[in-house]
Structures are given as C-alpha cells and as structure tokens.
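S.K.: Let me give you the structure first, and then I'll get to my questions.
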Amino acid sequence: MATLVSEGSSPEVLTRTPEPGEDAPLAPLYERIADRILGSIRDGILVAGQRIPSVRRASEQFGVSITTVLEAYRRLEDRGLIEARPQSGYYVRRTLDRAPAPARTASNETAAELTLSDLVMRVIHDWSQPGLMANFGVAAPSPALVPTTRIDRLLCREVRRHSVGSLAYERPLGLEQLRVQIARRALDVGVTISPDDIVTTCGAQNAVRLCLETITRPGDTVAIETPTYFGLLEVLESLHLRALEVATFPEHGICLDALDEALRRHRVAACVLCPTFANPLGHCMPTEKKGRLVDLLERHGVPLVEDDVYGDLTFDAHRPPPVKAFDRTDNVLLCSSLSKTLAPGLRVGWTMPGRHRRAVERLKFNSMLAVPTPTQLAAAAFLEEGGYDRHLRRLRRACADQLARVSDVVTRVFPLGTRVSRPRGGCMLWVELPEEFDALQLYESARAERIAIAPGPIFSATERYRNCFRMSCAVPWTQDVERAVERLGKLAGDQLR
Ligand SMILES: Cc1ncc(COP(=O)(O)O)c(C=O)c1O
C-alpha cells in the first residue's frame with residue numbers, strides 16, 4: 001500500500017480505513033505510524049537523505065500525541081531507518097536496498113538414487129513443537145490466516161445437510177460438487193476440463209504421488225528443478241525413482257536449455273515441476289516460457305507432473321495460468337490442493353491426469369479407497385458460495401506484506417553477501433549466504449532459541465544448498481517475528497565472523 005508520508009502531505013492521504021472484511025489493525029498507534037513511514041521508504045516515496053515530517057507536524061497529521069510520534073520515530077531510529085539531525089529534524093537514513101537475488105543453480109551430471117537422511121522428519125517434528133517464538137518452517141498459512149469460523153460452520157452445516165451421505169464413501173473420482181467447483185475455477189485460468197476428468201486426492205502431495213506412480217516404474221529417472229520441495233524427494237525415494245536435478249533460475253524457473261540437454265543425455269520417464277511460485281525458490285515461470293516448456297517436453301515425449309499448489313497465491317491482480325493451460329497434446333498432469341490457500345488440515349487436493357485418469361482413479365481406489373467426504377463437502381461449499389475469492393485477496397495481501405517485511409529485515413540484519421529471493425507470489429523466501437556458511441548450524445542454534453527454519457540441504461536429492469535456508473513468511477507480523485529475524489541475522493553474522 002503506497003502511503004505518502006512527507007512534509008506537505010495532507011492529513012487525508014495519511015489515513016487509511018480498513019477495507020471491507022479486513023480486520024481493524026491491532027498494533028499500537030506508534031507502531032502503525034512507524035509502519036506508514038516504513039511503507040513509504042519501502043515504496044521509494046521517501047528516499048535516503050529526505051526529511052520526514054517534524055514531530056509536531058506528524059502529530060497534527062496523524063491526530064496523535066507528540067509522545068506517540070516520538071515513540072514511532074525512536075523505533076525507526078533503533079532500526080537504523082531514520083536519524084535525528086540536531087536543529088534540523090528527522091531524515092531517512094538509508095533506503096531499503098534489496099539484497100541481490102540468489103544465483104542460478106546447477107544441474108547434476110547423473111541421476112541420483114535417493115537415500116534421504118532422517119533430517120526431513122527431524123525438521124518436521126521440530127516445526128510442530130509448541131511454544132516456538134517464530135515458526136518460519138511450515139509453508140502454509142498460519143492459523144491466524146485460516147478462516148476457521150467459516151470452515152467450522154460449513155463443516156457442521158454440510159454434515160447435517162447431507163446426513164448419512166456425508167459419512168459414506170465418496171465415488172472413486174471424488175465428490176462431484178467439489179469437482180464441479182474445481183472445473184469452474186480451472187476455466188478461469190485457461191484450462192477447459194470436465195469434472196469427470198478430475199480425481200480428488202488427499203492433498204497435492206498425494207496427487208503428485210498417484211500421478212508419478214501411474215506413469216513411472218521403479219528405477220526410472222525423473223527430471224526435477226533444483227532446489228525442490230522436500231516432500232517430492234520423499235515421494236521419489238519411496239517409489240524407487242532416481243532424481244535428475246536440473247539447473248534452475250531463481251526468478252523464472254528451470255533452465256530450458258539445461259532441461260533439453262538433460263533429456264537428450266538421459267532416459268527420463270517424467271518431469272515434475274512447480275512452475276508457478278515454486279517451493280522453495282518462489283520463482284514464477286513467465287507465460288511464454290510455459291508454452292516453450294510444453295513444446296520441449298512434448299518433443300521429447302516426456303510427461304509433466306505440474307504441481308500448482310501455490311498458483312492462487314499471486315501478489316498481482318491476476319494469477320498466472322498454469323502450464324496445463326498450454327497443453328494441447330494431453331501431456332500435462334496437473335496437481336493442486338487447498339492446503340496453501342485455505343487450510344492444510346482439510347486434506348483437499350485433486351489432479352487432472354488427462355489420459356491417465358482411469359489408471360489414477362484405480363490407484364487411488366486400491367491405495368486408499370477414498371478421501372474423507374465431510375471436508376470435500378465443506379470445501380465445495382466454500383468455493384461455491386463466493387467467500388473463497390474474498391478470502392484469497394486477504395491472504396495474498398497478508399503474504400505479500402509479510403514477505404516484504406521479512407525481506408526488509410533480512411536485508412538489514414544479515415551479513416554482507418547475503419542473497420534473497422524476490423517472489424511475486426507464494427509465502428516463502430530463499431536465503432543464500434556465502435559458501436562457507438552452514439545452514440545446518442544455523443538451524444541448530446535457531447532451534448535452541450525456539451526459532452524454526454528450513455535448512456537448504458533438505459531441498460536437494462544430493463544434500464546441496466548447505467549455505468542456504470528457506471523462511472516461510474505466512475506468519476502474522478509481530479515484534480517476536482521481527483526479533484526472531486534479527487536474531488537469525490545475528491547468529492548468521494557470528495558464524496561468518
Ligand atoms: C510444492 C508443494 N507441493 C505439495 C505440497 C503438499 O501439499 P498438500 O498439503 O496439499 O499435500 C507442498 C507443501 O509444502 C508443497 O510445497
């Protein structure tokens with residue numbers, strides 16, 4: 001939100017009333033004023049060396065006491081953002097230069113047979129410990145961002161309304177009203193599909209697994225972006241598949257030249273990508289590149305399993321189309337869920353497996369029989385009754401805001417040479433430090449201070465990225481969160497000294 005704060009501003013532009021449905025801000029007044037000024041610095045409206053309103057003027061403009069303004073300015077001074085100049089006033093000390101983006105990653109020469117360590121499970125256990133000061137581990141909306149009351153109400157209402165039906169097995173394809181809603185939303189992003197070509201699943205990870213198990217055989221090689229979501233690596237390992245890590249740009253995804261070369265040199269059975277706001281790099285593949293990716297994979301006869309769980313979490317006005325929207329030869333198996341946009345505990349996911357639909361449906365049936373009906377009913381009602389888009393707008397705003405705040409603090413407090421990703425959607429940052437940095441050591445020392453992060457090696461089939469870590473930013477901004485990022489910066493700095 002660009003809020004102009006400078007000498008000469010009229011009071012009206014300084015006051016923003018909450019939008020309908022938006023919660024009233026709860027932060028103390030001085031913090032809200034400090035935030036307005038920070039917002040203006042972040043948006044480049046106030047630049048380094050520029051004078052900000054005098055204390056007296058700000059107190060008139062904001063309609064607050066001089067003590068409140070002084071407290072706000074003191075906080076900005078503490079954060080190194082403004083400075084008091086004797087007899088002159090307060091000035092912007094430094095503009096928030098953004099840390100550079102991480103470097104392009106490299107391909108692996110050979111496809112790795114996976115023998116993952118216990119690290120992932122240890123990390124996941126740690127993330128679910130009670131009493132964390134800040135949880136930058138879990139990549140899903142924090143409970144504060146989940147519309148709990150509404151979901152509770154819909155769950156009760158739908159179970160009552162459908163009575164015995166809500167407790168019966170669903171049809172093998174999944175609940176029809178949910179598939180209708182998914183097909184409707186797919187149309188909005190350029191995917192024309194019949195509800196009967198959708199199979200509901202127990203989340204996106206289950207969808208990816210069902211698709212991969214259908215189109216590969218043990219021992220096959222699967223091309224993936226690197227770094228990649230650790231849950232995918234777990235799936236590959238359990239299906240006895242080999243992972244071929246392909247060079248990836250942190251801003252626009254897998255390198256198509258490197259993928260082309262990998263597909264020439266190796267017999268690849270499938271490619272799995274998360275092209276729209278990937279985990280962990282956050283990149284979004286440009287639309288034109290998605291078209292070229294489809295052509296390339298088609299030419300090599302390699303199917304794509306597209307993981308689109310973060311696609312709806314765009315920070316721009318319209319969400320980018322999935323790769324599936326460019327698929328004319330039925331070569332893309334799209335997988336998604338409501339885990340990142342509504343609530344992960346619902347376990348509502350789906351796949352559009354194209355010509356593999358029957359095989360995927362059968363595998364779903366013989367591996368788990370069915371997925372729970374009540375949560376599918378509630379999810380269908382949520383999508384149908386129009387609350388989803390409003391909820392999404394609020395969630396996207398919260399994610400964009402929190403991501404920008406965390407990124408600002410990382411830029412300010414992490415050692416020189418730190419690189420940070422710049423996603424335009426999703427909820428996570430990828431932080432890369434100089435080669436000698438050890439993210440596992442940071443993980444342990446942060447853990448001792450009740451701060452959770454995701455260390456880089458869990459995102460690689462070959463435990464690369466020891467100097468990197470991922471921070472999920474889907475947590476509401478609080479002083480504890482800010483202090484936790486500052487603490488991480490200090491711990492990282494101590495390690496590199
Ligand atoms: C890229 C990606 N795919 C799939 C999942 C799992 O999604 P679900 O909870 O719907 O199974 C995650 C969760 O972090 C993810 O990041």
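Residue numbering restarts at 1 for every chain of the structure tokens, chains are lettered A, B, ... in their displayed order, and ligands are numbered from 1 as they appear.
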Just want the residues within 8 Å of ligand 1, written as number ranges by chain, counting only C-alpha atoms and all ligand atoms.
M.R.: A: 138-140, 202-208, 228-229, 231-232, 274, 278-280, 307-310, 336-340, 344-345, 347-349
S.K.: Quick check for you: according to DSSP on this backbone, which residues of stretch 92-155 of chain A are classed as strand (DSSP E)? Reply as a PyMOL selection string.
M.R.: chain A and resi 92+112-113+134-135
S.K.: May I have all residues of stretch 215-448 of chain A that DSSP, computed from the backbone, assigns to alpha helix (DSSP H), given as JSON, numbers by chain?
M.R.: {"A": [215, 230, 231, 232, 233, 234, 235, 236, 237, 238, 256, 257, 258, 259, 260, 261, 262, 263, 264, 265, 287, 288, 289, 290, 291, 292, 293, 294, 295, 296, 297, 298, 299, 300, 357, 358, 359, 360, 361, 362, 363, 364, 365, 366, 367, 368, 373, 374, 375, 376, 377, 378, 379, 380, 381, 382, 383, 384, 387, 388, 389, 390, 391, 392, 393, 394, 395, 396, 397, 398, 399, 400, 401, 402, 403, 404, 405, 406, 407, 408, 409, 410, 411, 412, 413, 439, 440, 441, 442, 443, 444, 445, 446, 447, 448]}
S.K.: Export, as a short mmCIF file (atom, residue, chain, number, x, y, z; two decimals), in the first residue's frame, the selected residues with C-alpha atoms.
M.R.:
```cif
data_model
loop_
_atom_site.label_atom_id
_atom_site.label_comp_id
_atom_site.auth_asym_id
_atom_site.auth_seq_id
_atom_site.Cartn_x
_atom_site.Cartn_y
_atom_site.Cartn_z
CA ILE A 215 3.42 -43.04 -15.23
CA PHE A 230 11.49 -31.97 0.06
CA GLY A 231 8.14 -33.82 0.04
CA LEU A 232 8.68 -34.56 -3.65
CA LEU A 233 12.09 -36.06 -2.87
CA GLU A 234 10.45 -38.27 -0.26
CA VAL A 235 7.90 -39.45 -2.83
CA LEU A 236 10.64 -40.18 -5.40
CA GLU A 237 12.59 -42.19 -2.85
CA SER A 238 9.62 -44.24 -1.75
CA LEU A 256 15.07 -24.95 -20.62
CA ASP A 257 18.46 -25.37 -22.33
CA ALA A 258 19.70 -27.44 -19.38
CA LEU A 259 16.46 -29.45 -19.41
CA ASP A 260 16.79 -30.04 -23.15
CA GLU A 261 20.34 -31.30 -22.67
CA ALA A 262 19.32 -33.49 -19.72
CA LEU A 263 16.53 -35.05 -21.79
CA ARG A 264 18.96 -35.76 -24.66
CA ARG A 265 21.51 -37.40 -22.37
CA THR A 287 3.77 -17.37 -19.57
CA GLU A 288 5.72 -17.50 -22.82
CA LYS A 289 8.29 -19.85 -21.24
CA LYS A 290 5.48 -22.14 -20.07
CA GLY A 291 4.48 -22.55 -23.73
CA ARG A 292 8.07 -23.40 -24.67
CA LEU A 293 8.31 -25.90 -21.81
CA VAL A 294 5.22 -27.69 -23.12
CA ASP A 295 6.75 -27.88 -26.63
CA LEU A 296 10.08 -29.12 -25.32
CA LEU A 297 8.60 -31.91 -23.21
CA GLU A 298 6.27 -32.92 -25.99
CA ARG A 299 9.19 -33.14 -28.42
CA HIS A 300 10.99 -35.48 -26.03
CA ARG A 357 -7.41 -40.62 -15.45
CA ARG A 358 -8.65 -44.20 -15.24
CA ALA A 359 -5.31 -45.51 -14.01
CA VAL A 360 -5.01 -42.75 -11.39
CA GLU A 361 -8.59 -43.31 -10.24
CA ARG A 362 -7.90 -47.01 -9.84
CA LEU A 363 -4.65 -46.41 -7.97
CA LYS A 364 -6.46 -44.01 -5.66
CA PHE A 365 -9.10 -46.66 -5.05
CA ASN A 366 -6.72 -49.52 -4.37
CA SER A 367 -4.28 -47.50 -2.29
CA MET A 368 -6.69 -45.62 -0.03
CA THR A 373 -16.30 -36.79 2.40
CA PRO A 374 -17.05 -34.11 5.06
CA THR A 375 -14.02 -31.97 4.21
CA GLN A 376 -14.76 -32.23 0.48
CA LEU A 377 -18.34 -31.10 1.17
CA ALA A 378 -17.15 -28.11 3.20
CA ALA A 379 -14.51 -27.21 0.59
CA ALA A 380 -17.09 -27.38 -2.24
CA ALA A 381 -19.43 -25.12 -0.25
CA PHE A 382 -16.60 -22.65 0.44
CA LEU A 383 -15.72 -22.45 -3.26
CA GLU A 384 -19.36 -22.29 -4.35
CA GLY A 387 -16.18 -16.49 0.05
CA TYR A 388 -13.07 -18.00 -1.48
CA ASP A 389 -12.05 -15.09 -3.69
CA ARG A 390 -12.51 -12.56 -0.91
CA HIS A 391 -10.52 -14.78 1.43
CA LEU A 392 -7.81 -15.19 -1.24
CA ARG A 393 -7.48 -11.42 -1.67
CA ARG A 394 -6.88 -11.02 2.04
CA LEU A 395 -4.46 -13.93 2.22
CA ARG A 396 -2.45 -12.68 -0.77
CA ARG A 397 -2.19 -9.23 0.79
CA ALA A 398 -1.04 -10.71 4.09
CA CYS A 399 1.56 -12.93 2.39
CA ALA A 400 2.87 -10.08 0.22
CA ASP A 401 3.13 -7.77 3.21
CA GLN A 402 4.80 -10.30 5.47
CA LEU A 403 7.20 -11.38 2.78
CA ALA A 404 8.24 -7.77 2.17
CA ARG A 405 8.74 -7.15 5.89
CA VAL A 406 10.83 -10.27 6.44
CA SER A 407 12.83 -9.47 3.31
CA ASP A 408 13.49 -5.92 4.57
CA VAL A 409 14.75 -7.16 7.91
CA VAL A 410 16.89 -9.87 6.30
CA THR A 411 18.41 -7.19 4.05
CA ARG A 412 19.10 -5.01 7.07
CA VAL A 413 20.48 -7.56 9.54
CA ALA A 439 22.67 -23.57 7.37
CA LEU A 440 22.53 -26.74 9.46
CA GLN A 441 24.48 -25.00 12.18
CA LEU A 442 22.11 -22.03 11.95
CA TYR A 443 19.20 -24.44 12.09
CA GLU A 444 20.51 -25.91 15.38
CA SER A 445 21.30 -22.60 17.04
CA ALA A 446 17.97 -21.10 15.94
CA ARG A 447 16.18 -24.19 17.23
CA ALA A 448 17.79 -23.67 20.64
#
```
S.K.: I want to know what sits within 6 Å of A:Tyr91, based on only C-alpha atoms, with residues of the same chain fewer than 5 positions away left out; could you give that as a PyMOL selection string?
M.R.: chain A and resi 49-52+82-83
S.K.: Would you mind exporting the chosen residues as a PDB file, in the first residue's frame, restricted to all heavy atoms?
M.R.:
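What follows is the written file part04.pdb:
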```
ATOM      1  N   GLY A  49      18.177  10.421   2.818  1.00  0.00           N
ATOM      2  CA  GLY A  49      18.528  11.845   2.885  1.00  0.00           C
ATOM      3  C   GLY A  49      17.317  12.755   2.919  1.00  0.00           C
ATOM      4  O   GLY A  49      17.447  13.972   3.152  1.00  0.00           O
ATOM      5  N   GLN A  50      16.142  12.224   2.698  1.00  0.00           N
ATOM      6  CA  GLN A  50      14.949  13.081   2.677  1.00  0.00           C
ATOM      7  C   GLN A  50      14.418  13.303   4.092  1.00  0.00           C
ATOM      8  O   GLN A  50      14.470  12.406   4.937  1.00  0.00           O
ATOM      9  CB  GLN A  50      13.862  12.412   1.826  1.00  0.00           C
ATOM     10  CG  GLN A  50      12.709  13.332   1.535  1.00  0.00           C
ATOM     11  CD  GLN A  50      11.773  12.712   0.497  1.00  0.00           C
ATOM     12  OE1 GLN A  50      12.124  11.737  -0.166  1.00  0.00           O
ATOM     13  NE2 GLN A  50      10.594  13.275   0.375  1.00  0.00           N
ATOM     14  N   ARG A  51      13.898  14.527   4.295  1.00  0.00           N
ATOM     15  CA  ARG A  51      13.371  14.853   5.618  1.00  0.00           C
ATOM     16  C   ARG A  51      11.960  14.274   5.763  1.00  0.00           C
ATOM     17  O   ARG A  51      11.161  14.360   4.836  1.00  0.00           O
ATOM     18  CB  ARG A  51      13.343  16.371   5.754  1.00  0.00           C
ATOM     19  CG  ARG A  51      13.021  16.832   7.137  1.00  0.00           C
ATOM     20  CD  ARG A  51      13.184  18.334   7.226  1.00  0.00           C
ATOM     21  NE  ARG A  51      12.691  18.764   8.523  1.00  0.00           N
ATOM     22  CZ  ARG A  51      12.190  19.939   8.750  1.00  0.00           C
ATOM     23  NH1 ARG A  51      12.118  20.850   7.795  1.00  0.00           N
ATOM     24  NH2 ARG A  51      11.771  20.244   9.945  1.00  0.00           N
ATOM     25  N   ILE A  52      11.683  13.724   6.922  1.00  0.00           N
ATOM     26  CA  ILE A  52      10.320  13.247   7.158  1.00  0.00           C
ATOM     27  C   ILE A  52       9.586  14.297   7.992  1.00  0.00           C
ATOM     28  O   ILE A  52      10.225  15.232   8.498  1.00  0.00           O
ATOM     29  CB  ILE A  52      10.309  11.844   7.831  1.00  0.00           C
ATOM     30  CG1 ILE A  52      10.895  11.922   9.237  1.00  0.00           C
ATOM     31  CG2 ILE A  52      11.070  10.834   7.005  1.00  0.00           C
ATOM     32  CD1 ILE A  52      10.703  10.638  10.017  1.00  0.00           C
ATOM     33  N   ILE A  82      15.885   5.855  10.193  1.00  0.00           N
ATOM     34  CA  ILE A  82      15.918   7.324  10.154  1.00  0.00           C
ATOM     35  C   ILE A  82      16.947   7.805  11.173  1.00  0.00           C
ATOM     36  O   ILE A  82      17.381   7.047  12.039  1.00  0.00           O
ATOM     37  CB  ILE A  82      14.532   7.948  10.466  1.00  0.00           C
ATOM     38  CG1 ILE A  82      14.080   7.594  11.896  1.00  0.00           C
ATOM     39  CG2 ILE A  82      13.470   7.528   9.465  1.00  0.00           C
ATOM     40  CD1 ILE A  82      12.838   8.373  12.348  1.00  0.00           C
ATOM     41  N   GLU A  83      17.335   9.091  11.036  1.00  0.00           N
ATOM     42  CA  GLU A  83      18.266   9.647  12.020  1.00  0.00           C
ATOM     43  C   GLU A  83      17.833  11.063  12.363  1.00  0.00           C
ATOM     44  O   GLU A  83      17.250  11.766  11.521  1.00  0.00           O
ATOM     45  CB  GLU A  83      19.687   9.642  11.478  1.00  0.00           C
ATOM     46  CG  GLU A  83      19.875  10.509  10.261  1.00  0.00           C
ATOM     47  CD  GLU A  83      21.259  10.350   9.641  1.00  0.00           C
ATOM     48  OE1 GLU A  83      22.086   9.647  10.214  1.00  0.00           O
ATOM     49  OE2 GLU A  83      21.485  10.948   8.579  1.00  0.00           O
TER      50      GLU A  83
END
```
S.K.: Could you name the residues that touch A:Thr148 at 10 Å or less, counting only C-alpha atoms, but leaving out those on the same chain fewer than 6 positions away, as a list in words?
M.R.: Leu154, Leu342 and Ala343 of chain A
S.K.: With all heavy atoms retained, could you export that selection as an mmCIF file, in the first residue's frame?
M.R.:
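What follows is the written file out-v3.cif:
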```
data_model
loop_
_atom_site.group_PDB
_atom_site.id
_atom_site.type_symbol
_atom_site.label_atom_id
_atom_site.label_comp_id
_atom_site.auth_asym_id
_atom_site.auth_seq_id
_atom_site.Cartn_x
_atom_site.Cartn_y
_atom_site.Cartn_z
ATOM 1 N N LEU A 154 -19.276 -24.357 7.975
ATOM 2 C CA LEU A 154 -19.612 -25.115 6.767
ATOM 3 C C LEU A 154 -19.505 -26.623 7.006
ATOM 4 O O LEU A 154 -20.326 -27.394 6.505
ATOM 5 C CB LEU A 154 -18.709 -24.692 5.601
ATOM 6 C CG LEU A 154 -19.010 -23.304 5.034
ATOM 7 C CD1 LEU A 154 -17.980 -22.904 3.986
ATOM 8 C CD2 LEU A 154 -20.407 -23.269 4.402
ATOM 9 N N LEU A 342 -6.367 -22.367 1.778
ATOM 10 C CA LEU A 342 -7.491 -22.432 2.729
ATOM 11 C C LEU A 342 -7.009 -23.044 4.047
ATOM 12 O O LEU A 342 -6.828 -22.324 5.024
ATOM 13 C CB LEU A 342 -8.641 -23.233 2.124
ATOM 14 C CG LEU A 342 -10.035 -22.932 2.664
ATOM 15 C CD1 LEU A 342 -10.341 -21.450 2.598
ATOM 16 C CD2 LEU A 342 -11.083 -23.716 1.875
ATOM 17 N N ALA A 343 -6.791 -24.332 4.080
ATOM 18 C CA ALA A 343 -6.295 -24.961 5.303
ATOM 19 C C ALA A 343 -5.691 -26.318 4.963
ATOM 20 O O ALA A 343 -6.355 -27.151 4.340
ATOM 21 C CB ALA A 343 -7.445 -25.139 6.292
#
```
S.K.: Using only C-alpha atoms, which of the listed residues (A:Arg93, A:Glu31, A:Asn331, A:Cys427) sits closest to A:Ala48?
M.R.: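 Counting only C-alpha atoms, the residue closest to A:Ala48 is A:Arg93.
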S.K.: One decimal, in Å: what's the spacing between atom CA of A:His240 and atom CA of A:Ala270?
M.R.: 13.6 Å
S.K.: For A:Pro275, work out the shell of residues within 6 Å, counting only C-alpha atoms and skipping chain neighbours fewer than 2 positions away, then give it as a list of chain:residue names.
M.R.: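 The residues satisfying every condition are A:Leu273, A:Ala278, A:Cys284, A:Met285.
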S.K.: Store the residues picked out above, limited to C-alpha atoms, as a PDB file, in the first residue's frame.
M.R.:
```pdb
ATOM      1  CA  LEU A 273       7.880 -29.010 -11.642  1.00  0.00           C
ATOM      2  CA  ALA A 278       7.836 -22.727  -6.612  1.00  0.00           C
ATOM      3  CA  CYS A 284       7.199 -17.964 -11.432  1.00  0.00           C
ATOM      4  CA  MET A 285       7.847 -19.167 -14.960  1.00  0.00           C
TER       5      MET A 285
END
```
S.K.: Please compute the atom CA of A:Arg122-atom CA of A:Phe249 distance, one decimal, in Å.
M.R.: 28.8 Å
S.K.: Could you state the separation of atom CA of A:Pro172 and atom CA of A:Val302 in Å, given to one decimal place?
M.R.: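 Computing it gives 27.4 Å between the two atoms.
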